[in-house]
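Novice: My structure file run_8.pdb, PDB, C-alpha atoms, is below:
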MODEL        1
ATOM      1  CA  MET A   1      -8.661  34.380  -2.362  1.00  0.00           C
ATOM      2  CA  LYS A   2      -9.577  31.955  -5.210  1.00  0.00           C
ATOM      3  CA  ALA A   3      -6.900  33.532  -7.409  1.00  0.00           C
ATOM      4  CA  ASN A   4      -4.278  33.088  -4.676  1.00  0.00           C
ATOM      5  CA  LEU A   5      -5.297  29.459  -4.123  1.00  0.00           C
ATOM      6  CA  LYS A   6      -5.114  28.746  -7.859  1.00  0.00           C
ATOM      7  CA  SER A   7      -1.660  30.309  -8.048  1.00  0.00           C
ATOM      8  CA  MET A   8      -0.471  28.251  -5.081  1.00  0.00           C
ATOM      9  CA  LEU A   9      -1.677  24.989  -6.636  1.00  0.00           C
ATOM     10  CA  LEU A  10       0.004  25.846  -9.931  1.00  0.00           C
ATOM     11  CA  VAL A  11       3.283  26.489  -8.110  1.00  0.00           C
ATOM     12  CA  VAL A  12       3.014  23.195  -6.201  1.00  0.00           C
ATOM     13  CA  GLY A  13       2.268  21.342  -9.438  1.00  0.00           C
ATOM     14  CA  TRP A  14       5.259  22.921 -11.161  1.00  0.00           C
ATOM     15  CA  ALA A  15       7.531  22.048  -8.237  1.00  0.00           C
ATOM     16  CA  PHE A  16       6.673  18.352  -8.619  1.00  0.00           C
ATOM     17  CA  SER A  17       6.490  18.268 -12.406  1.00  0.00           C
ATOM     18  CA  PHE A  18      10.077  17.071 -12.833  1.00  0.00           C
ATOM     19  CA  TYR A  19       9.351  13.669 -11.266  1.00  0.00           C
ATOM     20  CA  PRO A  20       9.046  10.880 -13.834  1.00  0.00           C
ATOM     21  CA  ALA A  21       5.989   8.617 -13.806  1.00  0.00           C
ATOM     22  CA  SER A  22       8.247   5.729 -12.788  1.00  0.00           C
ATOM     23  CA  ALA A  23       8.706   7.452  -9.407  1.00  0.00           C
ATOM     24  CA  PHE A  24       5.469   5.793  -8.266  1.00  0.00           C
ATOM     25  CA  GLY A  25       5.953   2.809  -5.957  1.00  0.00           C
ATOM     26  CA  ILE A  26       3.880  -0.339  -5.611  1.00  0.00           C
ATOM     27  CA  ASP A  27       0.415  -1.144  -6.932  1.00  0.00           C
ATOM     28  CA  LEU A  28      -1.950  -1.405  -3.962  1.00  0.00           C
ATOM     29  CA  THR A  29      -4.945  -2.407  -6.114  1.00  0.00           C
ATOM     30  CA  PRO A  30      -4.810  -6.100  -5.039  1.00  0.00           C
ATOM     31  CA  GLU A  31      -4.748  -5.050  -1.360  1.00  0.00           C
ATOM     32  CA  GLU A  32      -7.522  -6.757   0.600  1.00  0.00           C
ATOM     33  CA  CYS A  33      -9.598  -4.298   2.630  1.00  0.00           C
ATOM     34  CA  PHE A  34     -10.691  -5.160   6.168  1.00  0.00           C
ATOM     35  CA  ARG A  35      -8.324  -8.093   6.472  1.00  0.00           C
ATOM     36  CA  PRO A  36      -7.526  -8.886  10.130  1.00  0.00           C
ATOM     37  CA  SER A  37      -4.406  -7.565  11.777  1.00  0.00           C
ATOM     38  CA  SER A  38      -1.738  -9.918  13.052  1.00  0.00           C
ATOM     39  CA  THR A  39      -3.056  -9.256  16.577  1.00  0.00           C
ATOM     40  CA  VAL A  40      -6.450 -10.708  15.636  1.00  0.00           C
ATOM     41  CA  GLN A  41      -4.875 -13.563  13.681  1.00  0.00           C
ATOM     42  CA  LYS A  42      -2.859 -14.536  16.751  1.00  0.00           C
ATOM     43  CA  GLY A  43      -5.950 -14.373  18.983  1.00  0.00           C
ATOM     44  CA  GLU A  44      -4.422 -11.625  21.112  1.00  0.00           C
ATOM     45  CA  SER A  45      -6.319  -8.771  22.757  1.00  0.00           C
ATOM     46  CA  LEU A  46      -6.665  -5.474  20.885  1.00  0.00           C
ATOM     47  CA  TYR A  47      -6.899  -3.722  24.240  1.00  0.00           C
ATOM     48  CA  ALA A  48      -3.451  -4.787  25.421  1.00  0.00           C
ATOM     49  CA  TYR A  49      -1.037  -1.908  25.812  1.00  0.00           C
ATOM     50  CA  PRO A  50       1.946  -2.123  23.429  1.00  0.00           C
ATOM     51  CA  LYS A  51       4.884  -3.859  25.075  1.00  0.00           C
ATOM     52  CA  ALA A  52       7.144  -0.821  25.250  1.00  0.00           C
ATOM     53  CA  ARG A  53      10.543  -1.576  26.722  1.00  0.00           C
ATOM     54  CA  LYS A  54      13.988  -0.163  27.194  1.00  0.00           C
ATOM     55  CA  LEU A  55      16.190  -1.124  24.278  1.00  0.00           C
ATOM     56  CA  SER A  56      19.612  -2.683  24.634  1.00  0.00           C
ATOM     57  CA  GLU A  57      22.760  -0.800  23.726  1.00  0.00           C
ATOM     58  CA  GLN A  58      23.132  -2.916  20.572  1.00  0.00           C
ATOM     59  CA  GLU A  59      19.526  -2.263  19.516  1.00  0.00           C
ATOM     60  CA  CYS A  60      19.956   1.482  20.056  1.00  0.00           C
ATOM     61  CA  ALA A  61      23.165   1.466  18.023  1.00  0.00           C
ATOM     62  CA  THR A  62      21.430  -0.420  15.181  1.00  0.00           C
ATOM     63  CA  ILE A  63      18.527   2.050  15.087  1.00  0.00           C
ATOM     64  CA  GLN A  64      20.837   5.039  15.380  1.00  0.00           C
ATOM     65  CA  LYS A  65      22.869   3.848  12.409  1.00  0.00           C
ATOM     66  CA  LEU A  66      19.668   3.528  10.351  1.00  0.00           C
ATOM     67  CA  LEU A  67      18.421   6.987  11.311  1.00  0.00           C
ATOM     68  CA  GLU A  68      21.771   8.632  10.567  1.00  0.00           C
ATOM     69  CA  ALA A  69      21.703   7.109   7.079  1.00  0.00           C
ATOM     70  CA  LEU A  70      18.256   8.617   6.454  1.00  0.00           C
ATOM     71  CA  VAL A  71      19.205  12.214   7.204  1.00  0.00           C
ATOM     72  CA  GLY A  72      18.901  14.597   4.258  1.00  0.00           C
ATOM     73  CA  GLN A  73      16.754  15.352   1.220  1.00  0.00           C
ATOM     74  CA  TRP A  74      14.573  12.750  -0.515  1.00  0.00           C
ATOM     75  CA  GLN A  75      12.134  12.449  -3.405  1.00  0.00           C
ATOM     76  CA  GLY A  76       9.844   9.753  -4.712  1.00  0.00           C
ATOM     77  CA  SER A  77       6.279   8.573  -4.159  1.00  0.00           C
ATOM     78  CA  MET A  78       3.662   7.589  -1.618  1.00  0.00           C
ATOM     79  CA  ASP A  79       0.844   5.202  -2.551  1.00  0.00           C
ATOM     80  CA  GLU A  80      -2.200   5.111  -0.302  1.00  0.00           C
ATOM     81  CA  ILE A  81      -5.291   2.950  -0.042  1.00  0.00           C
ATOM     82  CA  ASN A  82      -8.323   3.884   2.088  1.00  0.00           C
ATOM     83  CA  CYS A  83     -10.965   1.262   2.772  1.00  0.00           C
ATOM     84  CA  HIS A  84     -14.639   2.282   2.943  1.00  0.00           C
ATOM     85  CA  GLY A  85     -17.830   0.432   3.758  1.00  0.00           C
ATOM     86  CA  SER A  86     -17.733  -2.913   5.512  1.00  0.00           C
ATOM     87  CA  GLU A  87     -16.312  -6.396   5.068  1.00  0.00           C
ATOM     88  CA  LYS A  88     -19.445  -7.467   3.142  1.00  0.00           C
ATOM     89  CA  ASN A  89     -19.628  -4.315   1.023  1.00  0.00           C
ATOM     90  CA  SER A  90     -16.229  -2.668   0.744  1.00  0.00           C
ATOM     91  CA  SER A  91     -14.719  -0.148  -1.643  1.00  0.00           C
ATOM     92  CA  LYS A  92     -11.206   1.168  -2.105  1.00  0.00           C
ATOM     93  CA  GLU A  93      -9.944   4.686  -2.588  1.00  0.00           C
ATOM     94  CA  LEU A  94      -6.482   4.720  -4.179  1.00  0.00           C
ATOM     95  CA  ASN A  95      -4.295   7.811  -4.099  1.00  0.00           C
ATOM     96  CA  HIS A  96      -0.846   8.361  -5.610  1.00  0.00           C
ATOM     97  CA  PHE A  97       1.412  11.156  -4.432  1.00  0.00           C
ATOM     98  CA  ARG A  98       4.728  12.552  -5.558  1.00  0.00           C
ATOM     99  CA  VAL A  99       6.912  13.341  -2.560  1.00  0.00           C
ATOM    100  CA  LYS A 100       9.732  15.652  -1.546  1.00  0.00           C
ATOM    101  CA  ALA A 101      10.981  14.984   1.969  1.00  0.00           C
ATOM    102  CA  ASN A 102      13.620  16.172   4.407  1.00  0.00           C
ATOM    103  CA  ALA A 103      14.843  14.070   7.352  1.00  0.00           C
ATOM    104  CA  LEU A 104      16.445  15.821  10.327  1.00  0.00           C
ATOM    105  CA  LEU A 105      18.158  14.236  13.333  1.00  0.00           C
ATOM    106  CA  ASP A 106      18.431  16.148  16.622  1.00  0.00           C
ATOM    107  CA  HIS A 107      21.198  15.913  19.209  1.00  0.00           C
ATOM    108  CA  GLU A 108      19.240  13.321  21.222  1.00  0.00           C
ATOM    109  CA  GLY A 109      18.979  10.947  18.258  1.00  0.00           C
ATOM    110  CA  ASN A 110      15.321  11.654  17.435  1.00  0.00           C
ATOM    111  CA  ILE A 111      14.365  11.960  13.762  1.00  0.00           C
ATOM    112  CA  SER A 112      11.741  14.086  12.013  1.00  0.00           C
ATOM    113  CA  ILE A 113      10.777  13.375   8.398  1.00  0.00           C
ATOM    114  CA  ARG A 114       8.743  16.205   6.879  1.00  0.00           C
ATOM    115  CA  SER A 115       7.178  15.586   3.479  1.00  0.00           C
ATOM    116  CA  ASP A 116       5.530  17.730   0.821  1.00  0.00           C
ATOM    117  CA  LEU A 117       3.057  15.696  -1.224  1.00  0.00           C
ATOM    118  CA  TYR A 118       1.337  16.385  -4.519  1.00  0.00           C
ATOM    119  CA  CYS A 119      -1.539  14.339  -5.936  1.00  0.00           C
ATOM    120  CA  GLU A 120      -1.684  14.466  -9.727  1.00  0.00           C
ATOM    121  CA  GLU A 121      -5.313  13.344  -9.878  1.00  0.00           C
ATOM    122  CA  THR A 122      -6.619  16.155  -7.661  1.00  0.00           C
ATOM    123  CA  ARG A 123      -3.763  18.616  -8.261  1.00  0.00           C
ATOM    124  CA  ILE A 124      -3.699  19.333  -4.550  1.00  0.00           C
ATOM    125  CA  GLY A 125      -0.603  19.596  -2.372  1.00  0.00           C
ATOM    126  CA  SER A 126      -0.388  18.604   1.297  1.00  0.00           C
ATOM    127  CA  GLN A 127       2.152  17.989   4.029  1.00  0.00           C
ATOM    128  CA  GLN A 128       2.853  15.144   6.423  1.00  0.00           C
ATOM    129  CA  ALA A 129       5.373  14.636   9.191  1.00  0.00           C
ATOM    130  CA  HIS A 130       6.799  11.521  10.853  1.00  0.00           C
ATOM    131  CA  HIS A 131       8.525  11.712  14.227  1.00  0.00           C
ATOM    132  CA  LEU A 132      10.482   8.841  15.771  1.00  0.00           C
ATOM    133  CA  TYR A 133      11.928   9.283  19.252  1.00  0.00           C
ATOM    134  CA  LEU A 134      14.630   7.225  20.908  1.00  0.00           C
ATOM    135  CA  THR A 135      14.643   9.176  24.170  1.00  0.00           C
ATOM    136  CA  GLU A 136      15.903   7.232  27.187  1.00  0.00           C
ATOM    137  CA  LYS A 137      16.269   4.153  24.921  1.00  0.00           C
ATOM    138  CA  ILE A 138      12.469   3.789  24.580  1.00  0.00           C
ATOM    139  CA  LEU A 139      10.866   4.050  21.129  1.00  0.00           C
ATOM    140  CA  ARG A 140       8.063   6.548  20.543  1.00  0.00           C
ATOM    141  CA  TRP A 141       6.230   7.344  17.288  1.00  0.00           C
ATOM    142  CA  GLY A 142       4.161  10.448  16.586  1.00  0.00           C
ATOM    143  CA  ASN A 143       5.069  12.383  19.719  1.00  0.00           C
ATOM    144  CA  ASP A 144       7.285  11.872  22.733  1.00  0.00           C
ATOM    145  CA  THR A 145       4.492  10.238  24.787  1.00  0.00           C
ATOM    146  CA  ASP A 146       3.336   7.657  22.215  1.00  0.00           C
ATOM    147  CA  PHE A 147       5.227   4.542  23.305  1.00  0.00           C
ATOM    148  CA  VAL A 148       5.448   1.738  20.768  1.00  0.00           C
ATOM    149  CA  GLU A 149       6.196  -1.971  20.824  1.00  0.00           C
ATOM    150  CA  PRO A 150       9.347  -3.003  18.916  1.00  0.00           C
ATOM    151  CA  ILE A 151       8.644  -5.915  16.583  1.00  0.00           C
ATOM    152  CA  SER A 152      11.911  -6.256  14.682  1.00  0.00           C
ATOM    153  CA  ILE A 153      15.225  -4.419  14.870  1.00  0.00           C
ATOM    154  CA  ALA A 154      17.825  -5.351  12.273  1.00  0.00           C
ATOM    155  CA  ALA A 155      20.506  -3.658  10.202  1.00  0.00           C
ATOM    156  CA  GLY A 156      18.760  -1.211   7.888  1.00  0.00           C
ATOM    157  CA  GLN A 157      15.242  -1.966   9.113  1.00  0.00           C
ATOM    158  CA  LEU A 158      12.955  -1.224  12.056  1.00  0.00           C
ATOM    159  CA  SER A 159       9.387  -2.474  12.644  1.00  0.00           C
ATOM    160  CA  PHE A 160       7.066  -1.568  15.510  1.00  0.00           C
ATOM    161  CA  LEU A 161       3.443  -1.394  16.690  1.00  0.00           C
ATOM    162  CA  LYS A 162       1.565   1.607  18.042  1.00  0.00           C
ATOM    163  CA  ARG A 163      -2.016   1.583  19.398  1.00  0.00           C
ATOM    164  CA  THR A 164      -4.340   4.541  19.889  1.00  0.00           C
ATOM    165  CA  ALA A 165      -7.928   4.983  21.039  1.00  0.00           C
ATOM    166  CA  THR A 166      -9.354   8.218  19.691  1.00  0.00           C
ATOM    167  CA  GLY A 167     -12.883   9.162  18.670  1.00  0.00           C
ATOM    168  CA  GLY A 168     -14.153   5.869  20.031  1.00  0.00           C
ATOM    169  CA  VAL A 169     -12.029   3.864  17.581  1.00  0.00           C
ATOM    170  CA  LEU A 170      -9.169   1.574  18.578  1.00  0.00           C
ATOM    171  CA  ARG A 171      -6.425   1.720  15.964  1.00  0.00           C
ATOM    172  CA  GLU A 172      -3.229  -0.246  15.424  1.00  0.00           C
ATOM    173  CA  PHE A 173      -0.324   1.173  13.442  1.00  0.00           C
ATOM    174  CA  PHE A 174       2.154  -1.385  12.135  1.00  0.00           C
ATOM    175  CA  VAL A 175       5.109   0.575  10.772  1.00  0.00           C
ATOM    176  CA  THR A 176       8.271  -0.598   9.030  1.00  0.00           C
ATOM    177  CA  ILE A 177      11.080   1.822   8.195  1.00  0.00           C
ATOM    178  CA  SER A 178      13.966   0.593   6.058  1.00  0.00           C
ATOM    179  CA  GLY A 179      16.744   2.114   4.015  1.00  0.00           C
ATOM    180  CA  ASP A 180      20.290   3.315   3.643  1.00  0.00           C
ATOM    181  CA  ARG A 181      21.945   6.450   2.293  1.00  0.00           C
ATOM    182  CA  THR A 182      20.440   6.005  -1.185  1.00  0.00           C
ATOM    183  CA  ALA A 183      16.903   4.681  -0.612  1.00  0.00           C
ATOM    184  CA  MET A 184      14.203   4.804   2.061  1.00  0.00           C
ATOM    185  CA  LYS A 185      10.891   2.970   2.446  1.00  0.00           C
ATOM    186  CA  ILE A 186       8.141   3.477   5.016  1.00  0.00           C
ATOM    187  CA  ASP A 187       5.287   0.978   5.130  1.00  0.00           C
ATOM    188  CA  GLU A 188       2.332   2.017   7.309  1.00  0.00           C
ATOM    189  CA  GLU A 189      -0.522  -0.441   7.857  1.00  0.00           C
ATOM    190  CA  ILE A 190      -3.405   0.972   9.898  1.00  0.00           C
ATOM    191  CA  TYR A 191      -6.182  -1.161  11.383  1.00  0.00           C
ATOM    192  CA  ALA A 192      -9.445  -0.054  13.035  1.00  0.00           C
ATOM    193  CA  TRP A 193     -10.855  -2.564  15.515  1.00  0.00           C
ATOM    194  CA  GLY A 194      -8.474  -5.162  14.124  1.00  0.00           C
ATOM    195  CA  LYS A 195      -9.476  -4.675  10.454  1.00  0.00           C
ATOM    196  CA  GLN A 196      -7.301  -2.953   7.868  1.00  0.00           C
ATOM    197  CA  SER A 197      -8.530   0.537   7.025  1.00  0.00           C
ATOM    198  CA  VAL A 198      -5.523   2.360   5.525  1.00  0.00           C
ATOM    199  CA  ARG A 199      -2.161   1.504   4.056  1.00  0.00           C
ATOM    200  CA  ARG A 200       0.517   3.963   2.985  1.00  0.00           C
ATOM    201  CA  TYR A 201       3.688   2.930   1.210  1.00  0.00           C
ATOM    202  CA  TRP A 202       6.511   5.456   0.810  1.00  0.00           C
ATOM    203  CA  GLN A 203       9.357   4.838  -1.664  1.00  0.00           C
ATOM    204  CA  LEU A 204      12.024   7.539  -1.706  1.00  0.00           C
ATOM    205  CA  LYS A 205      15.453   8.059  -3.250  1.00  0.00           C
ATOM    206  CA  ARG A 206      18.171  10.714  -3.102  1.00  0.00           C
TER     207      ARG A 206
ENDMDL
END
Is it possible to express this structure as structure tokens?
Specialist:
Amino acid sequence: MKANLKSMLLVVGWAFSFYPASAFGIDLTPEECFRPSSTVQKGESLYAYPKARKLSEQECATIQKLLEALVGQWQGSMDEINCHGSEKNSSKELNHFRVKANALLDHEGNISIRSDLYCEETRIGSQQAHHLYLTEKILRWGNDTDFVEPISIAAGQLSFLKRTATGGVLREFFVTISGDRTAMKIDEEIYAWGKQSVRRYWQLKR
């Protein structure tokens, strides 16, 4: 079993070895852990359900154009910061991943972005998947029951908010997806009880 695992990790490392070091995206070192979310800054309730709504024809067309441009194979990086401790005694865990991704669009206009990641520091590979649904003109993120609140819809860019309450923790996911046929970025800011806990920044190219 150990021999098979070692062989698998070597294969994953070789598969990502052609990426140059410059493939890495932004430096998250200055990121401030446990900073308040925009919900808290505005004095709004964390318990409010996201304002999901039916999108207009123009908004749907704008999102559809963005998603169609993202279809296909991608490669690049994902930088991640995990915050540990508390506001008074915090520490950061920084991870850098090389990424190969494939974006698929179904006949209903929903997109799935499946990514293979490889961390050079740990030499461990992993997988992640993003799913964005536009079923019945209502945005969903994660699965087809996770309604989200649109924040901004513009040419080449979409931002939205998703809230979950799992394991006794209320989380907010502020997500921005932007790009065209040559570049794609996904910015995920995750807050627990209104304080930043994780940020992931994806920077991909053809």
Novice: At what distance in Å, to one decimal, does atom CA of Ser38 of chain A lie from atom CA of Tyr133 of chain A?
Specialist: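 Going from atom CA of Tyr133 of chain A over to atom CA of Ser38 of chain A, I get 24.4 Å.
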Novice: Where does the PyMOL selection byres ((chain A and resi 181) around 6) land in this file, that is, which residues does it pick, as an NGL selection string?
Specialist: :A and (69-70 or 180 or 182)
Novice: Closest to Asn95 of chain A among A:His131, A:Lys162, A:Arg206, A:Arg123, using all atoms listed in the file?
Specialist: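 Looking only at the distances to Asn95 of chain A, the closest residue turns out to be A:Arg123.
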Novice: Between atom CA of Asp144 of chain A and atom CA of Glu108 of chain A, measure the distance and give it in Å to one decimal.
Specialist: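 Going from atom CA of Asp144 of chain A over to atom CA of Glu108 of chain A covers 12.1 Å.
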Novice: Leaving out Asp146 of chain A and any residue of its chain fewer than 6 positions from it, which residues lie within 9 Å of it when counting all atoms listed in the file, given as a list in words?
Specialist: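 Surrounding residues, per the criterion: Leu139, Arg140, Lys162, Arg163 and Thr164 of chain A.
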Novice: Calculate how many Å separate atom CA of Lys185 of chain A from atom CA of Trp202 of chain A, rounding to one decimal.
Specialist: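 About the pair atom CA of Lys185 of chain A and atom CA of Trp202 of chain A: they are 5.3 Å apart.
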Novice: Which residue, A:Ile177, A:Val198, A:Ile190, A:Val148, has the smallest gap to Leu28 of chain A when you use all atoms listed in the file?
Specialist: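 Of the candidates, the smallest distance to Leu28 of chain A is held by A:Val198.
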